[in-house]
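See below for structure_38.pdb, which holds PDB, C-alpha atoms.
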```pdb
ATOM      1  CA  MET A   1      27.923  55.046 -64.220
ATOM      2  CA  SER A   2      29.078  58.567 -64.687
ATOM      3  CA  ILE A   3      31.081  60.465 -67.236
ATOM      4  CA  ASN A   4      31.016  63.913 -65.629
ATOM      5  CA  GLY A   5      29.675  63.224 -62.154
ATOM      6  CA  PRO A   6      26.895  61.104 -60.704
ATOM      7  CA  THR A   7      24.703  60.590 -63.746
ATOM      8  CA  LEU A   8      23.776  57.784 -66.094
ATOM      9  CA  ASP A   9      26.121  57.457 -69.027
ATOM     10  CA  ASN A  10      25.170  56.735 -72.618
ATOM     11  CA  GLU A  11      26.167  53.071 -72.285
ATOM     12  CA  CYS A  12      23.629  52.625 -69.500
ATOM     13  CA  ILE A  13      20.892  54.390 -71.425
ATOM     14  CA  ASP A  14      21.662  52.362 -74.550
ATOM     15  CA  TYR A  15      21.486  49.165 -72.495
ATOM     16  CA  ILE A  16      18.094  50.114 -71.051
ATOM     17  CA  LYS A  17      16.877  50.942 -74.553
ATOM     18  CA  SER A  18      18.016  47.478 -75.703
ATOM     19  CA  ILE A  19      15.886  45.667 -73.098
ATOM     20  CA  LEU A  20      12.919  48.032 -72.624
ATOM     21  CA  PRO A  21      10.726  49.417 -75.409
ATOM     22  CA  GLU A  22      10.366  53.185 -75.519
ATOM     23  CA  GLY A  23       7.251  54.580 -73.894
ATOM     24  CA  GLN A  24       7.269  52.159 -70.960
ATOM     25  CA  THR A  25       7.713  53.176 -67.336
ATOM     26  CA  ILE A  26      10.809  53.068 -65.133
ATOM     27  CA  LEU A  27      10.605  53.148 -61.361
ATOM     28  CA  GLU A  28      13.837  54.830 -60.354
ATOM     29  CA  LEU A  29      15.169  54.758 -56.800
ATOM     30  CA  GLY A  30      17.158  57.972 -56.648
ATOM     31  CA  SER A  31      17.118  60.646 -59.310
ATOM     32  CA  GLY A  32      19.515  62.959 -61.089
ATOM     33  CA  GLU A  33      20.509  64.232 -64.472
ATOM     34  CA  GLY A  34      20.138  60.717 -65.867
ATOM     35  CA  THR A  35      16.425  61.089 -65.161
ATOM     36  CA  ILE A  36      16.298  63.841 -67.781
ATOM     37  CA  LYS A  37      18.002  61.628 -70.371
ATOM     38  CA  LEU A  38      15.764  58.637 -69.654
ATOM     39  CA  SER A  39      12.629  60.770 -69.769
ATOM     40  CA  GLU A  40      13.289  61.351 -73.479
ATOM     41  CA  TYR A  41      12.372  57.681 -74.007
ATOM     42  CA  TYR A  42      10.420  56.555 -70.922
ATOM     43  CA  ASN A  43       7.839  57.571 -68.380
ATOM     44  CA  MET A  44       9.729  58.093 -65.146
ATOM     45  CA  ILE A  45       8.703  57.685 -61.520
ATOM     46  CA  SER A  46      11.483  58.703 -59.130
ATOM     47  CA  VAL A  47      11.735  57.915 -55.420
ATOM     48  CA  GLU A  48      13.839  60.580 -53.751
ATOM     49  CA  ASN A  49      14.854  61.206 -50.147
ATOM     50  CA  GLN A  50      17.433  63.959 -50.579
ATOM     51  CA  ARG A  51      15.821  67.392 -50.399
ATOM     52  CA  GLU A  52      18.213  68.882 -52.958
ATOM     53  CA  TRP A  53      16.963  66.352 -55.555
ATOM     54  CA  GLN A  54      13.277  66.248 -54.615
ATOM     55  CA  ASP A  55      11.091  67.823 -57.313
ATOM     56  CA  ARG A  56      14.183  69.000 -59.191
ATOM     57  CA  TYR A  57      12.991  67.879 -62.658
ATOM     58  CA  PRO A  58       9.175  67.818 -62.414
ATOM     59  CA  ILE A  59       8.753  67.975 -66.192
ATOM     60  CA  CYS A  60      10.737  64.743 -66.555
ATOM     61  CA  THR A  61       9.429  62.547 -63.749
ATOM     62  CA  LYS A  62       6.708  61.991 -61.204
ATOM     63  CA  TYR A  63       8.404  62.309 -57.823
ATOM     64  CA  ILE A  64       7.736  60.192 -54.793
ATOM     65  CA  ASN A  65       9.368  62.242 -52.064
ATOM     66  CA  VAL A  66      10.063  60.358 -48.859
ATOM     67  CA  GLY A  67      12.288  60.695 -45.850
ATOM     68  CA  HIS A  68      14.836  58.178 -44.718
ATOM     69  CA  LYS A  69      15.604  56.382 -41.510
ATOM     70  CA  MET A  70      18.918  55.394 -40.071
ATOM     71  CA  TYR A  71      19.262  51.898 -38.657
ATOM     72  CA  ASN A  72      19.313  51.647 -34.871
ATOM     73  CA  GLU A  73      16.607  54.264 -34.460
ATOM     74  CA  THR A  74      14.181  52.962 -31.866
ATOM     75  CA  ASP A  75      11.787  51.464 -34.411
ATOM     76  CA  PHE A  76      14.180  50.711 -37.278
ATOM     77  CA  LYS A  77      16.757  48.020 -36.616
ATOM     78  CA  LYS A  78      19.144  46.757 -39.282
ATOM     79  CA  PRO A  79      17.657  43.507 -40.654
ATOM     80  CA  ASP A  80      19.631  40.287 -40.341
ATOM     81  CA  ASN A  81      19.434  39.650 -44.096
ATOM     82  CA  ILE A  82      21.727  42.618 -44.837
ATOM     83  CA  LYS A  83      23.995  42.739 -41.763
ATOM     84  CA  ASN A  84      26.968  41.363 -43.711
ATOM     85  CA  ILE A  85      26.746  44.093 -46.396
ATOM     86  CA  PRO A  86      29.076  46.971 -45.414
ATOM     87  CA  SER A  87      28.163  50.669 -45.347
ATOM     88  CA  GLN A  88      24.420  50.132 -45.022
ATOM     89  CA  ASN A  89      23.343  52.774 -42.513
ATOM     90  CA  GLY A  90      19.637  53.067 -43.339
ATOM     91  CA  TRP A  91      17.134  53.280 -46.163
ATOM     92  CA  TYR A  92      14.076  55.140 -47.342
ATOM     93  CA  ASP A  93      11.481  55.417 -44.598
ATOM     94  CA  PRO A  94       9.617  52.166 -45.326
ATOM     95  CA  ASN A  95       6.315  53.393 -43.866
ATOM     96  CA  GLU A  96       6.282  56.452 -46.135
ATOM     97  CA  LEU A  97       7.504  54.533 -49.154
ATOM     98  CA  GLN A  98       4.969  51.732 -48.942
ATOM     99  CA  THR A  99       2.022  54.137 -49.019
ATOM    100  CA  LYS A 100       3.385  56.184 -51.945
ATOM    101  CA  LEU A 101       4.712  53.563 -54.385
ATOM    102  CA  PRO A 102       2.726  52.932 -57.568
ATOM    103  CA  ALA A 103       0.953  49.625 -58.085
ATOM    104  CA  LYS A 104       3.299  46.846 -59.159
ATOM    105  CA  THR A 105       1.635  46.790 -62.583
ATOM    106  CA  GLU A 106       2.451  50.461 -63.238
ATOM    107  CA  TYR A 107       6.154  50.106 -64.091
ATOM    108  CA  ASP A 108       8.240  47.912 -66.365
ATOM    109  CA  LEU A 109      11.778  48.221 -64.989
ATOM    110  CA  ILE A 110      13.382  49.155 -61.665
ATOM    111  CA  LEU A 111      16.533  51.274 -61.675
ATOM    112  CA  ILE A 112      18.278  51.328 -58.300
ATOM    113  CA  ASP A 113      20.481  54.407 -58.100
ATOM    114  CA  GLY A 114      19.557  55.456 -54.579
ATOM    115  CA  PRO A 115      19.452  56.134 -51.829
ATOM    116  CA  GLY A 116      22.938  57.576 -51.878
ATOM    117  CA  GLY A 117      25.942  55.515 -50.862
ATOM    118  CA  TRP A 118      26.111  57.226 -47.461
ATOM    119  CA  LEU A 119      22.753  55.631 -46.589
ATOM    120  CA  GLY A 120      22.813  52.352 -48.486
ATOM    121  CA  ARG A 121      20.686  50.442 -50.987
ATOM    122  CA  ALA A 122      20.379  47.064 -49.303
ATOM    123  CA  GLY A 123      17.005  48.054 -47.878
ATOM    124  CA  PHE A 124      15.655  47.066 -51.288
ATOM    125  CA  ILE A 125      16.383  43.450 -50.324
ATOM    126  CA  THR A 126      14.544  43.802 -47.031
ATOM    127  CA  TYR A 127      11.466  45.387 -48.609
ATOM    128  CA  LEU A 128      11.258  43.328 -51.803
ATOM    129  CA  GLU A 129       7.555  42.726 -51.195
ATOM    130  CA  TYR A 130       6.942  46.424 -51.962
ATOM    131  CA  PHE A 131       8.157  45.967 -55.541
ATOM    132  CA  ASN A 132       7.374  44.059 -58.726
ATOM    133  CA  THR A 133      10.417  41.809 -58.874
ATOM    134  CA  GLU A 134       9.303  40.201 -62.144
ATOM    135  CA  VAL A 135      10.577  43.189 -64.145
ATOM    136  CA  PRO A 136      14.233  43.806 -65.043
ATOM    137  CA  ILE A 137      16.175  45.300 -62.132
ATOM    138  CA  ILE A 138      19.210  47.460 -62.823
ATOM    139  CA  LEU A 139      21.632  48.371 -60.050
ATOM    140  CA  ASP A 140      24.112  51.208 -60.394
ATOM    141  CA  ASP A 141      27.581  51.315 -58.852
ATOM    142  CA  VAL A 142      28.272  47.561 -58.797
ATOM    143  CA  HIS A 143      31.975  48.445 -58.885
ATOM    144  CA  ARG A 144      31.530  49.176 -55.153
ATOM    145  CA  GLU A 145      31.732  46.185 -52.816
ATOM    146  CA  GLN A 146      28.329  46.712 -51.198
ATOM    147  CA  GLU A 147      26.404  47.121 -54.462
ATOM    148  CA  LEU A 148      28.064  44.019 -55.892
ATOM    149  CA  MET A 149      27.002  42.129 -52.763
ATOM    150  CA  ILE A 150      23.460  43.493 -53.165
ATOM    151  CA  ILE A 151      23.075  42.346 -56.773
ATOM    152  CA  LYS A 152      24.459  38.906 -55.915
ATOM    153  CA  LYS A 153      22.037  38.559 -52.997
ATOM    154  CA  LEU A 154      19.108  39.762 -55.136
ATOM    155  CA  SER A 155      20.044  37.233 -57.788
ATOM    156  CA  GLU A 156      20.054  34.469 -55.192
ATOM    157  CA  ILE A 157      16.748  35.509 -53.577
ATOM    158  CA  LEU A 158      14.941  35.991 -56.901
ATOM    159  CA  ASP A 159      16.537  32.884 -58.430
ATOM    160  CA  ARG A 160      17.516  34.895 -61.509
ATOM    161  CA  GLU A 161      20.986  35.400 -62.893
ATOM    162  CA  TYR A 162      22.661  38.776 -62.737
ATOM    163  CA  LYS A 163      24.822  40.269 -65.437
ATOM    164  CA  ILE A 164      27.514  42.934 -65.104
ATOM    165  CA  ILE A 165      27.009  45.257 -68.079
ATOM    166  CA  ASN A 166      30.022  47.483 -67.570
ATOM    167  CA  LYS A 167      32.272  48.350 -64.656
ATOM    168  CA  SER A 168      29.454  50.023 -62.719
ATOM    169  CA  LEU A 169      26.170  48.640 -64.041
ATOM    170  CA  GLY A 170      24.528  45.344 -63.149
ATOM    171  CA  CYS A 171      21.213  43.872 -64.242
ATOM    172  CA  ILE A 172      18.888  41.077 -63.240
ATOM    173  CA  LEU A 173      16.684  40.168 -66.192
TER     174      LEU A 173
END
```
Could I get this file's structure written as structure tokens?
Amino acid sequence: MSINGPTLDNECIDYIKSILPEGQTILELGSGEGTIKLSEYYNMISVENQREWQDRYPICTKYINVGHKMYNETDFKKPDNIKNIPSQNGWYDPNELQTKLPAKTEYDLILIDGPGGWLGRAGFITYLEYFNTEVPIILDDVHREQELMIIKKLSEILDREYKIINKSLGCIL
């Protein structure tokens, strides 16, 4: 989804603007320069586990800073429902995340752009009960095998069709 690095491009922002009225709230998993662009139109809440991105743009978003856990730690085994998705090494620390997330009624769209590819995003599938899955869900980087598998699995679980918007952006409406 990037033009000059890992950030949301104008096509992605235009797509979000076409499905979500300005002034509503986006729950963003991961944050970056795209957060700044989106904050011009939306209230942003950003979950972030990477220290270099935590609290980086406090004027643009409310941060939910959490740690992460790698699978195979003593109390964090890789769930069966994502074992066939490659390159999924961990996720946000679910215990921290659950206590810090806003109420499900406090956001109108979920943008999954984290955690970073080195950790994996399939944990979203495992912890779906933490999120309002009735809102549109946008997944970045669907040009990568694992993200494409994630959006297909989400579509199946939620019984909602997915749509590939461009080479790297997918959406479940």
query = Could you spell out the hits of the PyMOL selection byres ((chain A and resi 129-134) around 12) on the shown file, as number ranges by chain?
reply = A: 26-29, 94-112, 123-128, 135-138, 154-155, 157-160, 172-173
inquiry  = Which residues are near region 78-93 of chain A? Cut-off 7 Å, all atoms listed in the file, ignore same chain within fewer than 2 positions. Put them as a list in words.
reply    = Asn49, Val66, Gly67, His68, Lys69, Met70, Tyr71, Asn72, Phe76, Asn95, Glu96, Leu97, Pro115, Leu119, Gly120, Arg121, Ala122, Gly123, Gln146 and Met149 of chain A
Under the PyMOL selection byres ((chain A and resi 38) around 12), which residues of this model are included? Write them out as a compact mmCIF listing (two decimals) with C-alpha atoms, in the frame of the given file.
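Result file is part-v1.txt:
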```
# COMPACT_ATOMS: atom_id res chain seq x y z
CA THR A 7 24.70 60.59 -63.75
CA LEU A 8 23.78 57.78 -66.09
CA ASP A 9 26.12 57.46 -69.03
CA ASN A 10 25.17 56.74 -72.62
CA CYS A 12 23.63 52.62 -69.50
CA ILE A 13 20.89 54.39 -71.42
CA ASP A 14 21.66 52.36 -74.55
CA TYR A 15 21.49 49.16 -72.50
CA ILE A 16 18.09 50.11 -71.05
CA LYS A 17 16.88 50.94 -74.55
CA LEU A 20 12.92 48.03 -72.62
CA PRO A 21 10.73 49.42 -75.41
CA GLU A 22 10.37 53.18 -75.52
CA GLY A 23 7.25 54.58 -73.89
CA GLN A 24 7.27 52.16 -70.96
CA THR A 25 7.71 53.18 -67.34
CA ILE A 26 10.81 53.07 -65.13
CA LEU A 27 10.60 53.15 -61.36
CA GLU A 28 13.84 54.83 -60.35
CA SER A 31 17.12 60.65 -59.31
CA GLY A 32 19.52 62.96 -61.09
CA GLU A 33 20.51 64.23 -64.47
CA GLY A 34 20.14 60.72 -65.87
CA THR A 35 16.42 61.09 -65.16
CA ILE A 36 16.30 63.84 -67.78
CA LYS A 37 18.00 61.63 -70.37
CA SER A 39 12.63 60.77 -69.77
CA GLU A 40 13.29 61.35 -73.48
CA TYR A 41 12.37 57.68 -74.01
CA TYR A 42 10.42 56.56 -70.92
CA ASN A 43 7.84 57.57 -68.38
CA MET A 44 9.73 58.09 -65.15
CA ILE A 45 8.70 57.68 -61.52
CA SER A 46 11.48 58.70 -59.13
CA TYR A 57 12.99 67.88 -62.66
CA CYS A 60 10.74 64.74 -66.56
CA THR A 61 9.43 62.55 -63.75
CA LEU A 111 16.53 51.27 -61.68
```
Please evaluate the PyMOL selection byres ((chain A and resi 151) around 8) against the structure above and give the resulting residues as a PDB file with C-alpha atoms, in the frame of the given file.
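Generated file (expr27.pdb):
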```pdb
ATOM      1  CA  LEU A 139      21.632  48.371 -60.050  1.00  0.00           C
ATOM      2  CA  VAL A 142      28.272  47.561 -58.797  1.00  0.00           C
ATOM      3  CA  GLU A 147      26.404  47.121 -54.462  1.00  0.00           C
ATOM      4  CA  LEU A 148      28.064  44.019 -55.892  1.00  0.00           C
ATOM      5  CA  MET A 149      27.002  42.129 -52.763  1.00  0.00           C
ATOM      6  CA  ILE A 150      23.460  43.493 -53.165  1.00  0.00           C
ATOM      7  CA  LYS A 152      24.459  38.906 -55.915  1.00  0.00           C
ATOM      8  CA  LYS A 153      22.037  38.559 -52.997  1.00  0.00           C
ATOM      9  CA  LEU A 154      19.108  39.762 -55.136  1.00  0.00           C
ATOM     10  CA  SER A 155      20.044  37.233 -57.788  1.00  0.00           C
ATOM     11  CA  TYR A 162      22.661  38.776 -62.737  1.00  0.00           C
ATOM     12  CA  GLY A 170      24.528  45.344 -63.149  1.00  0.00           C
ATOM     13  CA  CYS A 171      21.213  43.872 -64.242  1.00  0.00           C
ATOM     14  CA  ILE A 172      18.888  41.077 -63.240  1.00  0.00           C
TER      15      ILE A 172
END
```
ask   = Which is closer to Val47 (chain A) than all the others in A:Ile19, A:Gly116, A:Ile59, A:Lys77, using all atoms listed in the file?
value =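 With all atoms listed in the file as the atom set, the closest residue is A:Gly116.
For the pair CA of Asp113 (chain A) and CA of Ser18 (chain A), the separation is 19.1 Å.
CA of Glu11 (chain A) to CA of Asp140 (chain A) spans 12.2 Å [interatomic distance, one decimal].
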Coordinates-based distance that separates CA of Asp141 (chain A) from CA of Leu169 (chain A) (Å, one decimal) = 6.0 Å
Export: region 43-92 of chain A, N, CA and C atoms, as a PDB file, in the first residue's frame:
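Output saved as result12.pdb:
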```pdb
ATOM      1  N   ASN A  43     -11.274  10.170  13.258  1.00  0.00           N
ATOM      2  CA  ASN A  43     -10.701   9.986  14.588  1.00  0.00           C
ATOM      3  C   ASN A  43      -9.954   8.661  14.544  1.00  0.00           C
ATOM      4  N   MET A  44      -8.743   8.660  15.030  1.00  0.00           N
ATOM      5  CA  MET A  44      -7.897   7.472  14.932  1.00  0.00           C
ATOM      6  C   MET A  44      -7.582   6.914  16.320  1.00  0.00           C
ATOM      7  N   ILE A  45      -7.616   5.595  16.405  1.00  0.00           N
ATOM      8  CA  ILE A  45      -7.145   4.864  17.577  1.00  0.00           C
ATOM      9  C   ILE A  45      -6.162   3.841  17.023  1.00  0.00           C
ATOM     10  N   SER A  46      -4.913   3.883  17.475  1.00  0.00           N
ATOM     11  CA  SER A  46      -3.878   3.038  16.890  1.00  0.00           C
ATOM     12  C   SER A  46      -3.270   2.098  17.917  1.00  0.00           C
ATOM     13  N   VAL A  47      -3.345   0.799  17.633  1.00  0.00           N
ATOM     14  CA  VAL A  47      -2.684  -0.215  18.452  1.00  0.00           C
ATOM     15  C   VAL A  47      -1.260  -0.346  17.918  1.00  0.00           C
ATOM     16  N   GLU A  48      -0.293  -0.234  18.810  1.00  0.00           N
ATOM     17  CA  GLU A  48       1.098  -0.289  18.366  1.00  0.00           C
ATOM     18  C   GLU A  48       1.951  -1.079  19.352  1.00  0.00           C
ATOM     19  N   ASN A  49       2.771  -1.979  18.807  1.00  0.00           N
ATOM     20  CA  ASN A  49       3.675  -2.770  19.637  1.00  0.00           C
ATOM     21  C   ASN A  49       5.142  -2.417  19.425  1.00  0.00           C
ATOM     22  N   GLN A  50       5.456  -1.732  18.358  1.00  0.00           N
ATOM     23  CA  GLN A  50       6.850  -1.395  18.075  1.00  0.00           C
ATOM     24  C   GLN A  50       7.197  -0.064  18.743  1.00  0.00           C
ATOM     25  N   ARG A  51       8.198  -0.103  19.603  1.00  0.00           N
ATOM     26  CA  ARG A  51       8.554   1.090  20.385  1.00  0.00           C
ATOM     27  C   ARG A  51       8.829   2.313  19.512  1.00  0.00           C
ATOM     28  N   GLU A  52       9.443   2.106  18.349  1.00  0.00           N
ATOM     29  CA  GLU A  52       9.781   3.250  17.502  1.00  0.00           C
ATOM     30  C   GLU A  52       8.547   3.934  16.909  1.00  0.00           C
ATOM     31  N   TRP A  53       7.375   3.266  16.956  1.00  0.00           N
ATOM     32  CA  TRP A  53       6.145   3.854  16.444  1.00  0.00           C
ATOM     33  C   TRP A  53       5.181   4.250  17.559  1.00  0.00           C
ATOM     34  N   GLN A  54       5.418   3.765  18.761  1.00  0.00           N
ATOM     35  CA  GLN A  54       4.519   4.093  19.876  1.00  0.00           C
ATOM     36  C   GLN A  54       4.596   5.586  20.179  1.00  0.00           C
ATOM     37  N   ASP A  55       3.430   6.203  20.272  1.00  0.00           N
ATOM     38  CA  ASP A  55       3.308   7.632  20.617  1.00  0.00           C
ATOM     39  C   ASP A  55       4.035   8.562  19.646  1.00  0.00           C
ATOM     40  N   ARG A  56       4.240   8.114  18.431  1.00  0.00           N
ATOM     41  CA  ARG A  56       4.982   8.913  17.450  1.00  0.00           C
ATOM     42  C   ARG A  56       4.185  10.115  16.940  1.00  0.00           C
ATOM     43  N   TYR A  57       2.861   9.949  16.775  1.00  0.00           N
ATOM     44  CA  TYR A  57       2.013  11.027  16.261  1.00  0.00           C
ATOM     45  C   TYR A  57       0.849  11.278  17.219  1.00  0.00           C
ATOM     46  N   PRO A  58       1.113  11.712  18.438  1.00  0.00           N
ATOM     47  CA  PRO A  58       0.043  11.832  19.438  1.00  0.00           C
ATOM     48  C   PRO A  58      -1.025  12.864  19.094  1.00  0.00           C
ATOM     49  N   ILE A  59      -0.725  13.792  18.214  1.00  0.00           N
ATOM     50  CA  ILE A  59      -1.728  14.779  17.808  1.00  0.00           C
ATOM     51  C   ILE A  59      -2.746  14.133  16.871  1.00  0.00           C
ATOM     52  N   CYS A  60      -2.341  13.071  16.189  1.00  0.00           N
ATOM     53  CA  CYS A  60      -3.168  12.454  15.155  1.00  0.00           C
ATOM     54  C   CYS A  60      -3.977  11.254  15.626  1.00  0.00           C
ATOM     55  N   THR A  61      -3.572  10.614  16.712  1.00  0.00           N
ATOM     56  CA  THR A  61      -4.221   9.376  17.110  1.00  0.00           C
ATOM     57  C   THR A  61      -4.120   9.164  18.608  1.00  0.00           C
ATOM     58  N   LYS A  62      -5.051   8.385  19.124  1.00  0.00           N
ATOM     59  CA  LYS A  62      -4.955   7.908  20.502  1.00  0.00           C
ATOM     60  C   LYS A  62      -4.248   6.561  20.431  1.00  0.00           C
ATOM     61  N   TYR A  63      -3.106   6.452  21.082  1.00  0.00           N
ATOM     62  CA  TYR A  63      -2.335   5.210  21.025  1.00  0.00           C
ATOM     63  C   TYR A  63      -2.769   4.228  22.094  1.00  0.00           C
ATOM     64  N   ILE A  64      -2.769   2.972  21.690  1.00  0.00           N
ATOM     65  CA  ILE A  64      -2.893   1.849  22.607  1.00  0.00           C
ATOM     66  C   ILE A  64      -1.574   1.098  22.466  1.00  0.00           C
ATOM     67  N   ASN A  65      -0.650   1.368  23.363  1.00  0.00           N
ATOM     68  CA  ASN A  65       0.659   0.743  23.299  1.00  0.00           C
ATOM     69  C   ASN A  65       0.638  -0.581  24.048  1.00  0.00           C
ATOM     70  N   VAL A  66       1.039  -1.623  23.354  1.00  0.00           N
ATOM     71  CA  VAL A  66       1.074  -2.961  23.942  1.00  0.00           C
ATOM     72  C   VAL A  66       2.386  -3.628  23.544  1.00  0.00           C
ATOM     73  N   GLY A  67       2.693  -4.698  24.241  1.00  0.00           N
ATOM     74  CA  GLY A  67       3.826  -5.519  23.848  1.00  0.00           C
ATOM     75  C   GLY A  67       3.353  -6.576  22.871  1.00  0.00           C
ATOM     76  N   HIS A  68       4.232  -7.490  22.578  1.00  0.00           N
ATOM     77  CA  HIS A  68       3.859  -8.620  21.731  1.00  0.00           C
ATOM     78  C   HIS A  68       4.425  -9.888  22.349  1.00  0.00           C
ATOM     79  N   LYS A  69       3.901 -10.988  21.885  1.00  0.00           N
ATOM     80  CA  LYS A  69       4.379 -12.290  22.340  1.00  0.00           C
ATOM     81  C   LYS A  69       4.668 -13.150  21.123  1.00  0.00           C
ATOM     82  N   MET A  70       5.713 -13.907  21.234  1.00  0.00           N
ATOM     83  CA  MET A  70       6.062 -14.846  20.181  1.00  0.00           C
ATOM     84  C   MET A  70       5.389 -16.178  20.505  1.00  0.00           C
ATOM     85  N   TYR A  71       4.898 -16.862  19.495  1.00  0.00           N
ATOM     86  CA  TYR A  71       4.338 -18.186  19.720  1.00  0.00           C
ATOM     87  C   TYR A  71       5.426 -19.115  20.247  1.00  0.00           C
ATOM     88  N   ASN A  72       4.990 -20.105  20.992  1.00  0.00           N
ATOM     89  CA  ASN A  72       5.846 -21.098  21.627  1.00  0.00           C
ATOM     90  C   ASN A  72       6.477 -20.596  22.919  1.00  0.00           C
ATOM     91  N   GLU A  73       6.118 -19.369  23.362  1.00  0.00           N
ATOM     92  CA  GLU A  73       6.478 -19.008  24.721  1.00  0.00           C
ATOM     93  C   GLU A  73       5.638 -19.908  25.613  1.00  0.00           C
ATOM     94  N   THR A  74       6.019 -20.073  26.839  1.00  0.00           N
ATOM     95  CA  THR A  74       5.383 -21.064  27.700  1.00  0.00           C
ATOM     96  C   THR A  74       3.871 -20.918  27.785  1.00  0.00           C
ATOM     97  N   ASP A  75       3.357 -19.719  27.731  1.00  0.00           N
ATOM     98  CA  ASP A  75       1.906 -19.536  27.866  1.00  0.00           C
ATOM     99  C   ASP A  75       1.249 -19.015  26.591  1.00  0.00           C
ATOM    100  N   PHE A  76       1.918 -19.152  25.455  1.00  0.00           N
ATOM    101  CA  PHE A  76       1.377 -18.581  24.217  1.00  0.00           C
ATOM    102  C   PHE A  76       1.706 -19.496  23.045  1.00  0.00           C
ATOM    103  N   LYS A  77       0.881 -20.496  22.862  1.00  0.00           N
ATOM    104  CA  LYS A  77       1.095 -21.460  21.778  1.00  0.00           C
ATOM    105  C   LYS A  77       0.350 -21.012  20.520  1.00  0.00           C
ATOM    106  N   LYS A  78       0.908 -21.337  19.373  1.00  0.00           N
ATOM    107  CA  LYS A  78       0.281 -20.973  18.103  1.00  0.00           C
ATOM    108  C   LYS A  78      -1.038 -21.728  17.962  1.00  0.00           C
ATOM    109  N   PRO A  79      -2.150 -21.000  17.794  1.00  0.00           N
ATOM    110  CA  PRO A  79      -3.464 -21.651  17.695  1.00  0.00           C
ATOM    111  C   PRO A  79      -3.609 -22.498  16.439  1.00  0.00           C
ATOM    112  N   ASP A  80      -4.379 -23.562  16.549  1.00  0.00           N
ATOM    113  CA  ASP A  80      -4.604 -24.454  15.414  1.00  0.00           C
ATOM    114  C   ASP A  80      -5.227 -23.737  14.231  1.00  0.00           C
ATOM    115  N   ASN A  81      -6.091 -22.725  14.495  1.00  0.00           N
ATOM    116  CA  ASN A  81      -6.819 -22.090  13.402  1.00  0.00           C
ATOM    117  C   ASN A  81      -5.937 -21.250  12.481  1.00  0.00           C
ATOM    118  N   ILE A  82      -4.665 -21.055  12.841  1.00  0.00           N
ATOM    119  CA  ILE A  82      -3.776 -20.278  11.963  1.00  0.00           C
ATOM    120  C   ILE A  82      -2.479 -21.026  11.641  1.00  0.00           C
ATOM    121  N   LYS A  83      -2.375 -22.280  12.017  1.00  0.00           N
ATOM    122  CA  LYS A  83      -1.129 -23.032  11.811  1.00  0.00           C
ATOM    123  C   LYS A  83      -0.749 -23.160  10.341  1.00  0.00           C
ATOM    124  N   ASN A  84      -1.722 -23.138   9.444  1.00  0.00           N
ATOM    125  CA  ASN A  84      -1.397 -23.292   8.018  1.00  0.00           C
ATOM    126  C   ASN A  84      -1.058 -21.966   7.345  1.00  0.00           C
ATOM    127  N   ILE A  85      -1.080 -20.852   8.074  1.00  0.00           N
ATOM    128  CA  ILE A  85      -0.720 -19.554   7.498  1.00  0.00           C
ATOM    129  C   ILE A  85       0.766 -19.326   7.770  1.00  0.00           C
ATOM    130  N   PRO A  86       1.590 -19.186   6.721  1.00  0.00           N
ATOM    131  CA  PRO A  86       3.035 -19.055   6.922  1.00  0.00           C
ATOM    132  C   PRO A  86       3.430 -17.730   7.559  1.00  0.00           C
ATOM    133  N   SER A  87       4.616 -17.718   8.143  1.00  0.00           N
ATOM    134  CA  SER A  87       5.253 -16.506   8.682  1.00  0.00           C
ATOM    135  C   SER A  87       4.441 -15.844   9.785  1.00  0.00           C
ATOM    136  N   GLN A  88       3.757 -16.624  10.580  1.00  0.00           N
ATOM    137  CA  GLN A  88       3.013 -16.083  11.716  1.00  0.00           C
ATOM    138  C   GLN A  88       3.753 -16.510  12.985  1.00  0.00           C
ATOM    139  N   ASN A  89       4.554 -15.616  13.521  1.00  0.00           N
ATOM    140  CA  ASN A  89       5.451 -15.929  14.625  1.00  0.00           C
ATOM    141  C   ASN A  89       4.928 -15.479  15.978  1.00  0.00           C
ATOM    142  N   GLY A  90       3.875 -14.669  15.997  1.00  0.00           N
ATOM    143  CA  GLY A  90       3.326 -14.154  17.240  1.00  0.00           C
ATOM    144  C   GLY A  90       2.260 -13.119  16.954  1.00  0.00           C
ATOM    145  N   TRP A  91       1.913 -12.363  17.972  1.00  0.00           N
ATOM    146  CA  TRP A  91       0.907 -11.306  17.803  1.00  0.00           C
ATOM    147  C   TRP A  91       1.014 -10.344  18.972  1.00  0.00           C
ATOM    148  N   TYR A  92       0.164  -9.330  18.968  1.00  0.00           N
ATOM    149  CA  TYR A  92       0.104  -8.452  20.128  1.00  0.00           C
ATOM    150  C   TYR A  92      -0.124  -9.301  21.372  1.00  0.00           C
TER     151      TYR A  92
END
```
